[in-house]
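The data block below is my_file21.txt; it holds compact mmCIF, C-alpha atoms.
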# COMPACT_ATOMS: atom_id res chain seq x y z
CA MET R 839 0.30 -32.17 -41.25
CA THR R 840 -2.14 -34.51 -39.57
CA SER R 841 -5.08 -33.30 -37.55
CA ASN R 842 -3.73 -35.06 -34.41
CA LEU R 843 -0.48 -33.11 -34.67
CA LEU R 844 -2.37 -29.84 -35.19
CA ASP R 845 -4.50 -30.54 -32.12
CA ARG R 846 -1.37 -31.28 -30.09
CA ILE R 847 0.30 -28.03 -31.18
CA LYS R 848 -2.85 -26.09 -30.29
CA ARG R 849 -2.93 -27.68 -26.81
CA LEU R 850 0.73 -26.79 -26.24
CA LYS R 851 0.12 -23.18 -27.29
CA ASP R 852 -2.83 -22.93 -24.89
CA GLN R 853 -0.58 -24.09 -22.03
CA VAL R 854 1.99 -21.31 -22.64
CA PRO R 855 1.19 -18.22 -20.50
CA GLN R 856 0.40 -15.20 -22.60
CA VAL R 857 2.89 -12.41 -21.89
CA PRO R 858 1.49 -8.91 -22.44
CA ILE R 859 3.15 -7.01 -25.25
CA VAL R 860 5.15 -4.11 -23.85
CA ALA R 861 6.29 -1.60 -26.42
CA CYS R 862 7.90 1.81 -26.33
CA GLY R 863 5.60 4.72 -26.99
CA LYS R 864 5.61 8.49 -27.17
CA LEU R 865 3.90 11.36 -25.42
CA VAL R 866 1.11 13.12 -27.24
CA ARG R 867 -0.30 15.41 -24.57
CA GLY R 868 0.30 16.66 -21.06
CA ILE R 869 -2.51 18.23 -19.04
CA GLY R 870 -2.18 19.15 -15.39
CA LEU R 871 -0.69 16.24 -13.45
CA THR R 872 -1.07 13.61 -16.15
CA LEU R 873 0.72 12.76 -19.36
CA GLU R 874 -0.91 10.93 -22.24
CA ALA R 875 1.05 8.47 -24.36
CA VAL R 876 0.31 6.23 -27.34
CA GLY R 877 2.01 3.03 -28.37
CA CYS R 878 2.44 1.82 -24.77
CA GLN R 879 0.88 -1.51 -23.83
CA MET R 880 1.66 -1.61 -20.13
CA PRO R 881 -0.63 -2.63 -17.26
CA VAL R 882 -1.85 -0.14 -14.67
CA GLY R 883 0.73 0.19 -11.89
CA SER R 884 3.79 -0.50 -14.04
CA GLN R 885 6.71 1.95 -14.18
CA CYS R 886 8.30 3.57 -17.20
CA LEU R 887 11.00 6.10 -18.12
CA ILE R 888 10.26 9.26 -20.08
CA GLN R 889 13.10 10.75 -22.11
CA THR R 890 13.15 14.53 -21.63
CA MET R 891 15.39 17.37 -22.75
CA GLU R 892 16.93 17.34 -19.24
CA GLY R 893 17.34 13.60 -18.78
CA GLU R 894 15.00 10.80 -17.69
CA ILE R 895 12.11 10.91 -15.26
CA GLU R 896 10.09 8.03 -13.87
CA ALA R 897 6.34 7.71 -14.26
CA GLU R 898 3.66 5.17 -13.46
CA VAL R 899 0.69 4.00 -15.50
CA VAL R 900 -2.47 5.15 -13.71
CA GLY R 901 -5.12 4.47 -16.36
CA PHE R 902 -5.95 4.07 -20.03
CA ALA R 903 -8.67 4.85 -22.56
CA GLU R 904 -8.67 2.92 -25.81
CA ASN R 905 -5.16 3.45 -27.25
CA ILE R 906 -4.19 6.25 -24.84
CA THR R 907 -2.19 5.43 -21.69
CA TYR R 908 -2.31 7.89 -18.77
CA LEU R 909 0.99 8.39 -16.94
CA MET R 910 1.66 10.12 -13.62
CA PRO R 911 5.28 11.30 -13.04
CA THR R 912 6.85 10.51 -9.67
CA GLU R 913 8.89 13.74 -9.72
CA ALA R 914 8.75 17.28 -11.05
CA VAL R 915 7.98 17.51 -14.76
CA LYS R 916 10.75 19.36 -16.62
CA GLY R 917 11.94 19.29 -20.19
CA ILE R 918 9.06 17.24 -21.58
CA VAL R 919 8.04 17.94 -25.18
CA PRO R 920 5.46 16.32 -27.49
CA GLY R 921 6.81 13.07 -28.87
CA SER R 922 9.07 12.35 -25.88
CA ARG R 923 9.96 8.66 -25.81
CA VAL R 924 8.28 6.45 -23.22
CA GLN R 925 10.18 3.27 -22.35
CA PRO R 926 9.15 0.45 -19.96
CA LEU R 927 11.34 0.34 -16.85
CA ASN R 928 12.95 -3.05 -16.47
CA ARG R 929 13.82 -3.62 -12.83
CA GLU R 930 12.84 -5.87 -9.98
CA GLN R 931 9.24 -5.28 -9.00
CA GLY R 932 8.06 -4.89 -5.44
CA LEU R 933 9.32 -3.19 -2.29
CA ALA R 934 12.65 -4.23 -0.77
CA VAL R 935 12.11 -5.25 2.88
CA GLY R 936 14.38 -6.67 5.55
CA MET R 937 15.58 -6.17 9.13
CA GLU R 938 18.10 -3.62 7.83
CA LEU R 939 15.22 -1.17 7.44
CA LEU R 940 15.35 -0.53 11.19
CA GLY R 941 16.80 2.89 11.93
CA ARG R 942 16.42 4.05 8.33
CA VAL R 943 14.46 6.81 6.60
CA VAL R 944 13.07 5.96 3.15
CA ASP R 945 10.86 7.61 0.55
CA GLY R 946 7.59 6.36 -0.94
CA ASN R 947 9.46 3.90 -3.17
CA GLY R 948 11.50 2.49 -0.28
CA GLN R 949 14.69 4.27 -1.41
CA PRO R 950 16.91 5.65 1.41
CA LEU R 951 16.77 9.37 2.22
CA ASP R 952 19.23 9.36 5.12
CA GLY R 953 22.48 9.05 3.15
CA LEU R 954 23.47 5.85 4.94
CA GLY R 955 23.85 3.80 1.78
CA PRO R 956 21.63 1.24 0.08
CA ILE R 957 19.39 -1.11 2.02
CA LYS R 958 20.10 -4.82 1.60
CA ALA R 959 16.78 -6.48 0.88
CA GLU R 960 15.89 -9.78 2.49
CA LYS R 961 13.16 -10.12 -0.13
CA ARG R 962 10.81 -8.09 -2.30
CA VAL R 963 7.10 -7.88 -1.66
CA PRO R 964 4.27 -6.21 -3.63
CA LEU R 965 2.82 -2.93 -2.35
CA SER R 966 -0.64 -4.48 -2.36
CA ARG R 967 -1.70 -7.92 -1.23
CA PRO R 968 -4.96 -9.88 -1.20
CA PRO R 969 -7.28 -9.16 1.75
CA MET R 970 -6.68 -11.38 4.76
CA ASN R 971 -9.37 -13.88 5.70
CA PRO R 972 -11.01 -12.21 8.74
CA LEU R 973 -11.56 -15.61 10.40
CA LEU R 974 -7.80 -16.18 10.48
CA ARG R 975 -7.09 -13.07 12.53
CA LYS R 976 -6.41 -13.41 16.26
CA PRO R 977 -8.96 -11.60 18.42
CA ILE R 978 -7.91 -8.43 20.27
CA THR R 979 -7.57 -9.54 23.88
CA GLN R 980 -4.78 -7.53 25.53
CA PRO R 981 -4.01 -3.82 25.92
CA LEU R 982 -1.04 -2.03 24.38
CA ASP R 983 0.97 0.37 26.53
CA VAL R 984 1.57 3.64 24.62
CA GLY R 985 3.12 5.58 27.50
CA VAL R 986 0.36 8.24 27.56
CA ARG R 987 -1.74 8.19 30.75
CA ALA R 988 -4.94 9.62 29.25
CA ILE R 989 -4.93 6.95 26.53
CA ASN R 990 -3.80 4.03 28.70
CA SER R 991 -6.53 4.71 31.25
CA ILE R 992 -9.52 6.42 29.62
CA VAL R 993 -9.24 5.35 25.95
CA THR R 994 -7.35 2.06 26.31
CA VAL R 995 -5.94 0.71 23.05
CA GLY R 996 -5.83 -3.03 22.32
CA LEU R 997 -2.96 -4.86 20.65
CA GLY R 998 -3.95 -4.97 16.97
CA GLN R 999 -6.48 -2.13 17.10
CA ARG R 1000 -6.87 0.57 14.40
CA MET R 1001 -7.40 4.04 15.90
CA GLY R 1002 -7.99 7.46 14.40
CA LEU R 1003 -6.31 10.60 15.74
CA PHE R 1004 -8.67 13.44 14.78
CA ALA R 1005 -7.42 17.00 15.00
CA GLY R 1006 -7.13 20.31 13.22
CA SER R 1007 -3.79 21.81 12.31
CA GLY R 1008 -1.42 22.81 15.09
CA VAL R 1009 -3.02 21.08 18.08
CA GLY R 1010 -0.27 18.53 18.79
CA LYS R 1011 -0.80 15.48 16.55
CA SER R 1012 2.91 15.05 15.79
CA VAL R 1013 3.92 15.58 19.41
CA LEU R 1014 1.42 12.96 20.61
CA MET R 1015 2.70 10.52 17.97
CA GLY R 1016 6.24 11.08 19.26
CA MET R 1017 5.12 10.45 22.85
CA MET R 1018 3.55 7.16 21.81
CA THR R 1019 6.66 6.19 19.84
CA ARG R 1020 8.88 6.69 22.88
CA GLY R 1021 6.50 5.08 25.36
CA THR R 1022 5.14 2.11 23.43
CA ALA R 1023 5.67 -1.50 24.44
CA ALA R 1024 5.60 -2.59 20.76
CA ASP R 1025 8.65 -4.31 19.26
CA ILE R 1026 8.81 -2.19 16.09
CA VAL R 1027 7.57 1.30 15.19
CA VAL R 1028 6.80 2.25 11.56
CA VAL R 1029 6.06 5.93 10.94
CA GLY R 1030 4.59 7.26 7.70
CA LEU R 1031 4.95 11.05 7.32
CA VAL R 1032 2.78 11.64 4.27
CA GLY R 1033 1.81 14.99 2.77
CA GLU R 1034 2.98 17.07 5.72
CA ARG R 1035 5.53 19.90 5.79
CA GLY R 1036 9.02 18.82 4.75
CA ARG R 1037 10.48 20.72 7.70
CA GLU R 1038 8.67 18.42 10.10
CA VAL R 1039 10.38 15.27 8.81
CA LYS R 1040 13.81 16.11 10.25
CA GLU R 1041 12.27 17.63 13.37
CA PHE R 1042 10.26 14.49 14.02
CA ILE R 1043 13.29 12.22 13.58
CA GLN R 1044 15.76 14.27 15.63
CA ASP R 1045 13.65 16.06 18.24
CA ILE R 1046 10.50 13.99 18.71
CA LEU R 1047 11.58 10.44 17.86
CA GLY R 1048 14.98 10.47 19.58
CA GLU R 1049 18.13 8.43 19.05
CA GLU R 1050 17.20 5.34 21.08
CA GLU R 1051 13.70 4.97 19.67
CA ARG R 1052 15.01 5.39 16.13
CA LYS R 1053 16.92 2.09 16.42
CA LYS R 1054 13.65 0.15 16.42
CA SER R 1055 11.84 2.43 13.99
CA VAL R 1056 11.39 2.85 10.25
CA VAL R 1057 10.36 6.25 8.89
CA VAL R 1058 8.72 6.62 5.47
CA ALA R 1059 8.68 10.25 4.32
CA ALA R 1060 6.68 11.64 1.39
CA PRO R 1061 6.21 15.35 2.23
CA ALA R 1062 3.78 17.78 0.65
CA ASP R 1063 6.10 18.88 -2.16
CA THR R 1064 6.30 15.37 -3.65
CA SER R 1065 3.94 14.19 -6.38
CA PRO R 1066 0.51 12.80 -5.41
CA LEU R 1067 1.69 9.40 -6.64
CA MET R 1068 4.59 9.41 -4.15
CA ARG R 1069 2.28 10.50 -1.34
CA LEU R 1070 -0.09 7.68 -2.19
CA LYS R 1071 2.75 5.15 -2.30
CA GLY R 1072 4.21 6.56 0.93
CA CYS R 1073 1.22 5.31 2.95
CA GLU R 1074 1.19 1.95 1.17
CA THR R 1075 4.96 1.52 1.64
CA ALA R 1076 4.64 2.15 5.40
CA VAL R 1077 1.83 -0.41 5.68
CA THR R 1078 3.77 -2.98 3.60
CA ILE R 1079 6.84 -2.60 5.84
CA ALA R 1080 4.63 -3.03 8.93
CA GLU R 1081 3.12 -6.19 7.40
CA TYR R 1082 6.61 -7.62 6.84
CA PHE R 1083 7.50 -7.27 10.52
CA ARG R 1084 4.08 -8.58 11.59
CA ASP R 1085 4.58 -11.67 9.44
CA LYS R 1086 7.84 -12.30 11.31
CA GLY R 1087 5.86 -12.55 14.57
CA LEU R 1088 6.61 -9.05 15.91
CA ASN R 1089 4.19 -6.53 17.41
CA VAL R 1090 4.26 -3.33 15.35
CA LEU R 1091 3.05 0.19 16.13
CA LEU R 1092 2.10 1.88 12.85
CA LEU R 1093 1.69 5.67 12.82
CA ILE R 1094 0.38 7.28 9.62
CA ASP R 1095 0.35 11.09 9.43
CA SER R 1096 -1.97 11.61 7.72
CA LEU R 1097 -4.83 9.57 6.29
CA THR R 1098 -6.39 12.77 4.97
CA ARG R 1099 -3.34 13.53 2.80
CA TYR R 1100 -3.54 9.98 1.43
CA ALA R 1101 -7.16 10.61 0.42
CA MET R 1102 -6.25 13.96 -1.12
CA ALA R 1103 -3.45 12.37 -3.17
CA GLN R 1104 -5.88 9.77 -4.54
CA ARG R 1105 -8.36 12.55 -5.30
CA GLU R 1106 -5.73 14.44 -7.31
CA ILE R 1107 -4.86 11.35 -9.33
CA ALA R 1108 -8.46 10.24 -9.90
CA LEU R 1109 -9.67 13.67 -11.01
CA ALA R 1110 -6.65 14.06 -13.30
CA VAL R 1111 -7.53 10.88 -15.22
CA GLY R 1112 -11.19 11.86 -15.54
CA GLU R 1113 -12.98 10.16 -12.64
CA PRO R 1114 -16.08 12.19 -11.71
CA PRO R 1115 -16.24 13.80 -8.24
CA ALA R 1116 -18.84 12.54 -5.78
CA THR R 1117 -18.79 13.86 -2.20
CA LYS R 1118 -17.29 17.36 -1.80
CA GLY R 1119 -14.96 16.79 -4.71
CA TYR R 1120 -13.81 13.33 -3.61
CA PRO R 1121 -14.33 10.66 -6.31
CA PRO R 1122 -15.65 7.19 -5.38
CA SER R 1123 -12.20 5.56 -5.64
CA VAL R 1124 -11.08 7.49 -2.53
CA PHE R 1125 -13.74 5.84 -0.37
CA ALA R 1126 -12.83 2.45 -1.86
CA ARG R 1127 -9.12 2.81 -1.12
CA LEU R 1128 -9.48 4.00 2.50
CA PRO R 1129 -10.88 0.72 3.93
CA ALA R 1130 -8.52 -1.29 1.72
CA LEU R 1131 -5.57 0.49 3.37
CA VAL R 1132 -6.91 0.45 6.94
CA GLU R 1133 -7.94 -3.23 6.89
CA ARG R 1134 -4.35 -4.29 6.17
CA ALA R 1135 -3.43 -3.40 9.76
CA GLY R 1136 -4.58 -5.40 12.78
CA ASN R 1137 -3.75 -8.79 14.22
CA GLY R 1138 -2.32 -11.52 12.05
CA SER R 1139 -2.86 -15.25 12.38
CA GLU R 1140 -1.81 -17.30 15.43
CA GLU R 1141 1.76 -17.63 14.08
CA GLN R 1142 2.06 -13.92 13.25
CA GLY R 1143 2.35 -10.74 15.29
CA SER R 1144 0.15 -7.64 15.21
CA ILE R 1145 -0.08 -4.13 13.78
CA THR R 1146 -1.60 -1.55 16.12
CA ALA R 1147 -2.24 1.46 13.90
CA PHE R 1148 -2.89 5.15 14.55
CA TYR R 1149 -4.04 7.19 11.56
CA THR R 1150 -4.17 10.95 11.95
CA VAL R 1151 -7.18 12.59 10.30
CA LEU R 1152 -7.02 16.31 9.58
CA THR R 1153 -10.36 17.90 10.41
CA GLU R 1154 -10.30 21.06 8.29
CA GLY R 1155 -11.76 23.94 10.25
CA ASP R 1156 -12.16 21.49 13.17
CA ASP R 1157 -15.13 19.99 11.30
CA LEU R 1158 -15.65 16.40 12.43
CA GLN R 1159 -18.29 15.96 9.70
CA ASP R 1160 -15.72 16.31 6.91
CA PRO R 1161 -16.25 13.42 4.41
CA ILE R 1162 -12.86 11.82 5.11
CA ALA R 1163 -13.28 12.16 8.89
CA ASP R 1164 -16.77 10.67 8.66
CA ALA R 1165 -15.58 7.77 6.48
CA ALA R 1166 -12.59 7.11 8.74
CA ARG R 1167 -14.75 6.93 11.89
CA ALA R 1168 -16.86 4.24 10.26
CA ILE R 1169 -13.95 1.93 9.40
CA LEU R 1170 -11.69 2.44 12.44
CA ASP R 1171 -11.91 0.73 15.83
CA GLY R 1172 -12.15 4.00 17.72
CA HIS R 1173 -10.97 7.59 17.65
CA ILE R 1174 -9.06 10.07 19.79
CA VAL R 1175 -10.11 13.69 19.29
CA LEU R 1176 -7.69 16.54 20.02
CA SER R 1177 -9.40 19.75 21.07
CA ARG R 1178 -8.21 23.17 19.91
CA ASP R 1179 -9.77 24.79 22.99
CA LEU R 1180 -7.73 22.53 25.28
CA ALA R 1181 -4.55 23.19 23.26
CA ASP R 1182 -5.15 26.96 23.37
CA SER R 1183 -5.50 26.77 27.16
CA GLY R 1184 -2.13 24.98 27.53
CA HIS R 1185 -3.64 21.55 28.25
CA TYR R 1186 -1.35 18.91 26.69
CA PRO R 1187 -1.90 16.38 25.33
CA ALA R 1188 -5.14 18.08 24.23
CA ILE R 1189 -7.24 14.89 24.30
CA ASP R 1190 -10.98 15.49 24.54
CA ILE R 1191 -12.06 12.45 26.56
CA GLU R 1192 -15.75 13.27 25.99
CA ALA R 1193 -15.46 12.89 22.21
CA SER R 1194 -12.91 10.03 22.23
CA ILE R 1195 -13.73 6.33 22.36
CA SER R 1196 -12.03 2.94 22.06
CA ARG R 1197 -14.40 0.27 20.76
CA VAL R 1198 -12.29 -2.64 22.02
CA MET R 1199 -11.58 -1.27 25.50
CA PRO R 1200 -14.16 -3.51 27.28
CA MET R 1201 -12.48 -6.56 25.72
CA VAL R 1202 -8.93 -5.81 26.88
CA VAL R 1203 -9.30 -4.48 30.45
CA PRO R 1204 -11.26 -5.70 33.50
CA GLU R 1205 -14.71 -4.35 34.33
CA GLU R 1206 -13.46 -2.22 37.26
CA HIS R 1207 -11.12 -0.41 34.85
CA VAL R 1208 -14.02 0.36 32.49
CA GLN R 1209 -16.18 1.58 35.39
CA GLY R 1210 -13.39 3.81 36.75
CA ALA R 1211 -12.81 5.40 33.34
CA ARG R 1212 -16.55 5.90 32.89
CA ARG R 1213 -16.84 7.61 36.28
CA ILE R 1214 -14.04 10.08 35.46
CA ARG R 1215 -15.62 10.76 32.08
CA GLN R 1216 -19.04 11.44 33.67
CA VAL R 1217 -17.70 13.89 36.25
CA TYR R 1218 -15.56 15.66 33.64
CA SER R 1219 -18.53 15.89 31.24
CA ASN R 1220 -20.78 17.27 33.99
CA TYR R 1221 -18.31 20.08 34.63
CA GLN R 1222 -18.02 20.92 30.91
CA ARG R 1223 -21.81 21.11 30.49
CA ASN R 1224 -22.11 23.61 33.35
CA ARG R 1225 -18.87 25.45 32.75
CA ASP R 1226 -20.46 28.70 31.58
CA LEU R 1227 -22.74 28.89 34.63
CA ILE R 1228 -19.81 28.24 36.94
CA SER R 1229 -17.54 30.76 35.18
CA ILE R 1230 -19.97 33.69 35.44
CA GLY R 1231 -20.94 32.85 39.02
CA ALA R 1232 -24.53 31.92 38.18
CA TYR R 1233 -24.29 28.61 39.98
CA THR R 1234 -24.82 28.58 43.74
CA LYS R 1235 -22.78 25.98 45.54
CA GLY R 1236 -24.93 23.33 47.23
CA THR R 1237 -27.69 23.45 44.60
CA ASP R 1238 -26.67 20.19 42.91
CA PRO R 1239 -24.27 17.72 44.60
CA ARG R 1240 -23.15 16.36 41.20
CA ILE R 1241 -22.04 19.81 40.05
CA ASP R 1242 -20.38 20.41 43.43
CA LEU R 1243 -18.41 17.18 42.96
CA ALA R 1244 -17.44 18.19 39.41
CA ILE R 1245 -16.19 21.61 40.60
CA ASN R 1246 -14.12 20.06 43.39
CA ALA R 1247 -12.72 17.31 41.16
CA GLU R 1248 -11.94 19.46 38.10
CA PRO R 1249 -8.36 20.40 39.10
CA ALA R 1250 -7.46 16.78 39.90
CA ILE R 1251 -8.96 15.45 36.65
CA ASN R 1252 -7.18 18.10 34.56
CA ALA R 1253 -3.87 17.31 36.25
CA PHE R 1254 -4.45 13.60 35.62
CA LEU R 1255 -5.12 14.13 31.91
CA GLN R 1256 -2.03 16.30 31.33
CA GLN R 1257 1.47 14.99 30.73
CA GLY R 1258 4.85 16.41 29.74
CA MET R 1259 6.08 15.84 26.20
CA THR R 1260 9.12 13.88 27.37
CA GLN R 1261 7.31 12.11 30.22
CA ILE R 1262 6.43 8.42 29.87
CA ILE R 1263 3.77 6.91 32.14
CA ASP R 1264 3.44 3.17 31.69
CA PHE R 1265 0.21 1.22 31.70
CA GLU R 1266 0.56 -0.01 35.29
CA HIS R 1267 1.07 3.46 36.74
CA SER R 1268 -1.65 4.90 34.50
CA THR R 1269 -4.25 2.45 35.78
CA ALA R 1270 -3.12 2.92 39.39
CA ASP R 1271 -3.46 6.71 39.09
CA MET R 1272 -6.89 6.27 37.49
CA ALA R 1273 -8.05 3.96 40.27
CA THR R 1274 -6.97 6.47 42.90
CA LEU R 1275 -8.72 9.35 41.12
CA SER R 1276 -11.97 7.48 40.40
CA GLY R 1277 -12.05 6.12 43.96
CA GLY R 1278 -12.16 9.68 45.27
CA LEU R 1279 -15.15 10.49 43.04
CA GLY R 1280 -17.47 7.97 44.67
CA LYS R 1281 -19.87 5.70 42.79
CA GLY R 1282 -22.13 8.41 41.33
Any chance you could put this one into structure tokens?
Amino acid sequence: MTSNLLDRIKRLKDQVPQVPIVACGKLVRGIGLTLEAVGCQMPVGSQCLIQTMEGEIEAEVVGFAENITYLMPTEAVKGIVPGSRVQPLNREQGLAVGMELLGRVVDGNGQPLDGLGPIKAEKRVPLSRPPMNPLLRKPITQPLDVGVRAINSIVTVGLGQRMGLFAGSGVGKSVLMGMMTRGTAADIVVVGLVGERGREVKEFIQDILGEEERKKSVVVAAPADTSPLMRLKGCETAVTIAEYFRDKGLNVLLLIDSLTRYAMAQREIALAVGEPPATKGYPPSVFARLPALVERAGNGSEEQGSITAFYTVLTEGDDLQDPIADAARAILDGHIVLSRDLADSGHYPAIDIEASISRVMPMVVPEEHVQGARRIRQVYSNYQRNRDLISIGAYTKGTDPRIDLAINAEPAINAFLQQGMTQIIDFEHSTADMATLSGGLGKG
């Protein structure tokens, strides 16, 4: 064989893409949440089937070390014995998306949970995508109506903004999310219920979401009793579905409950495969994945729509310095804090306007709106600072005109900030009510 022919054959072989060898393997060990297999040559993120004594279960490759492949089951582990066969799962990759998702409830893999039959996919898209060029994003220039007066007026949200909803357990996060779902001016609503109580999924859909709002909504449910892998994928599935609708030119409201459970799921997986803990038990990969998830929301290009996102953050023990809460504040475009004291006093929604802020508010509303909101916030804050003196009668009326104003205005401000669970107050009426209230407070 001539050297020219050999060179030609070598060039042709170099042009053929190298396909990774995928072979069946077997389990050698199972510790905690992870299973260890040998003989598997599959990339991280690929799915496989494990043959058990009770049938087949699905698992995903989450890491490797030399010839050992780490697997994380997507369901309860039953009937697994040493030597169980591990087989690559041959099926279409990616998440099935399409307009038929509207009105449906799916799990972390995009499979229907509502018993309404399979979902016809318009196409399949990967759960992760390359970061968007920030210079291609449209700027945030207009407000989004969420139907909640305290947010529309005092903490105005822009179309394409990413907001955090910070609260402890039982102070009304889910109820506030339902109010925004019913009152929003967005075209599509995508709700991710991740790591919360399974009981709340049906309650949210039937009682809080409502029949009419469900027609333009997609609910992704991965409750607390699912595997950490499914909880992790639940958040990413919700974001991927929102991206699909945004790419079609629609304005999407994305509600993720909760970002903390997403971080906890990643912590469980990372610690199980041997990643060392860093901050309060959270390994570094958690703080790498949070901004990667959050940055996928926001405005698209000029031809695309927008994703306005609200991520609930569970502040354990009402501690706003929790590592996840602190990391979330740094990467979000603002935060709304729900106060347990307000909730305990019957003040709903329990939004603490002193601790809440929208970083894009000055860019989406006129200056008189910003000044009116600031005036209400100042008077409210002045009352809160002197509340103890007023309550015990230690303050003498007439001593300080600013405190006198705060005492007189406190009932009106509290009434303004409260709203019924089924009540919707649009942006126009919210700003009109705010203008009337701030006008009666003077110029300070």
Set out as CSV a contact list for region 1042-1122 of chain R and region 867-870 of chain R with a cut-off of 12 Å, giving each residue of region 1042-1122 of chain R that qualifies its closest atom pair and distance in Å to one decimal, counting only C-alpha atoms, ordered by chain and rising residue number.
residue,atom,partner,partner_atom,distance
R:Ser1065,CA,R:Gly870,CA,12.0
R:Glu1106,CA,R:Gly870,CA,10.0
R:Ile1107,CA,R:Gly870,CA,10.2
R:Leu1109,CA,R:Gly870,CA,10.3
R:Ala1110,CA,R:Gly870,CA,7.1
R:Val1111,CA,R:Ile869,CA,9.7
R:Gly1112,CA,R:Ile869,CA,11.3
Keeping only C-alpha atoms, write those residues as a CSV table (one decimal), in the frame of the given file.
chain,number,residue,atom,x,y,z
R,1065,SER,CA,3.9,14.2,-6.4
R,1106,GLU,CA,-5.7,14.4,-7.3
R,1107,ILE,CA,-4.9,11.4,-9.3
R,1109,LEU,CA,-9.7,13.7,-11.0
R,1110,ALA,CA,-6.6,14.1,-13.3
R,1111,VAL,CA,-7.5,10.9,-15.2
R,1112,GLY,CA,-11.2,11.9,-15.5
Compile the contact shell of region 883-888 of chain R as a CSV table (one decimal) with C-alpha atoms, in the frame of the given file: residues with an atom at most 9 Å away, counting all atoms listed in the file, same-chain residues fewer than 3 positions apart removed.
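Saved to part_32.csv:
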chain,number,residue,atom,x,y,z
R,864,LYS,CA,5.6,8.5,-27.2
R,865,LEU,CA,3.9,11.4,-25.4
R,880,MET,CA,1.7,-1.6,-20.1
R,893,GLY,CA,17.3,13.6,-18.8
R,894,GLU,CA,15.0,10.8,-17.7
R,895,ILE,CA,12.1,10.9,-15.3
R,896,GLU,CA,10.1,8.0,-13.9
R,897,ALA,CA,6.3,7.7,-14.3
R,898,GLU,CA,3.7,5.2,-13.5
R,899,VAL,CA,0.7,4.0,-15.5
R,900,VAL,CA,-2.5,5.2,-13.7
R,901,GLY,CA,-5.1,4.5,-16.4
R,909,LEU,CA,1.0,8.4,-16.9
R,911,PRO,CA,5.3,11.3,-13.0
R,918,ILE,CA,9.1,17.2,-21.6
R,922,SER,CA,9.1,12.4,-25.9
R,923,ARG,CA,10.0,8.7,-25.8
R,924,VAL,CA,8.3,6.4,-23.2
R,925,GLN,CA,10.2,3.3,-22.4
R,926,PRO,CA,9.2,0.4,-20.0
R,927,LEU,CA,11.3,0.3,-16.8
R,928,ASN,CA,13.0,-3.0,-16.5
R,931,GLN,CA,9.2,-5.3,-9.0
Exercise. For Ala1060 (chain R), which of R:Pro950, R:Pro981, R:Pro972, R:Pro964 is the closest residue, counting only C-alpha atoms?
Worked result: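 The closest residue to Ala1060 (chain R) is R:Pro950.
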For this session: Mind checking which residues fall within 7 Å of region 1216-1230 of chain R, counting only C-alpha atoms, ignoring those fewer than 6 positions away in the same chain, and posting them as a PyMOL selection string?
Result: chain R and resi 1192+1241+1244-1245+1248
Would you put the residues from that selection into a file with C-alpha atoms, as a CSV table (one decimal), in the coordinates of the input?
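This went into out_19.csv:
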chain,number,residue,atom,x,y,z
R,1192,GLU,CA,-15.8,13.3,26.0
R,1241,ILE,CA,-22.0,19.8,40.0
R,1244,ALA,CA,-17.4,18.2,39.4
R,1245,ILE,CA,-16.2,21.6,40.6
R,1248,GLU,CA,-11.9,19.5,38.1
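Straight-line separation from CA of Arg1240 (chain R) to CA of Gly1280 (chain R): 10.7 Å.
Nearest-residue note for Pro977 (chain R): choosing from R:Ile1262, R:Met1068, R:Ala1273, R:Met1201, the minimum distance belongs to R:Met1201, counting only C-alpha atoms.
Every protein or nucleic acid residue with an atom no more than 8 Å from region 1025-1027 of chain R, counting all atoms listed in the file and leaving out same-chain residues fewer than 5 positions away, appears here: Thr1019, Lys1054, Ser1055, Val1056, Phe1083, Leu1088, Asn1089, Val1090, Leu1091, Leu1092 and Leu1093 of chain R.
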Please produce a file of the residues just selected, as a PDB file, in the coordinates of the input, where the atoms kept are C-alpha atoms.
ATOM      1  CA  THR R1019       6.660   6.190  19.840  1.00  0.00           C
ATOM      2  CA  LYS R1054      13.650   0.150  16.420  1.00  0.00           C
ATOM      3  CA  SER R1055      11.840   2.430  13.990  1.00  0.00           C
ATOM      4  CA  VAL R1056      11.390   2.850  10.250  1.00  0.00           C
ATOM      5  CA  PHE R1083       7.500  -7.270  10.520  1.00  0.00           C
ATOM      6  CA  LEU R1088       6.610  -9.050  15.910  1.00  0.00           C
ATOM      7  CA  ASN R1089       4.190  -6.530  17.410  1.00  0.00           C
ATOM      8  CA  VAL R1090       4.260  -3.330  15.350  1.00  0.00           C
ATOM      9  CA  LEU R1091       3.050   0.190  16.130  1.00  0.00           C
ATOM     10  CA  LEU R1092       2.100   1.880  12.850  1.00  0.00           C
ATOM     11  CA  LEU R1093       1.690   5.670  12.820  1.00  0.00           C
TER      12      LEU R1093
END
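Between CA of Tyr908 (chain R) and CA of Val876 (chain R) the separation is 9.1 Å.
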Problem set entry | Pick from R:Ser1268, R:Thr1146, R:Ser1177, R:Asn947, whichever lies nearest to Phe1254 (chain R) using all atoms listed in the file | R:Ser1268
Exercise. Which one is closest to Ile1043 (chain R): R:Gly1119, R:Gly941, R:Gly1138, R:Gly996? Count only C-alpha atoms.
Worked result: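 Answer, going by the shortest atom-to-atom distance: R:Gly941.
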Exercise. Closest to Arg1178 (chain R) among R:Met910, R:Ala934, R:Ala875, R:Ala1005, using all atoms listed in the file?
Worked result: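 Distance minimum relative to Arg1178 (chain R) lands on R:Ala1005.
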Problem set entry | Nearby residues (only C-alpha atoms) at most 12 Å from Ala1270 (chain R), same-chain spacing under 4 positions excluded, as a PyMOL selection string | chain R and resi 987+990-991+1206-1207+1210-1211+1254+1263-1266+1274-1277
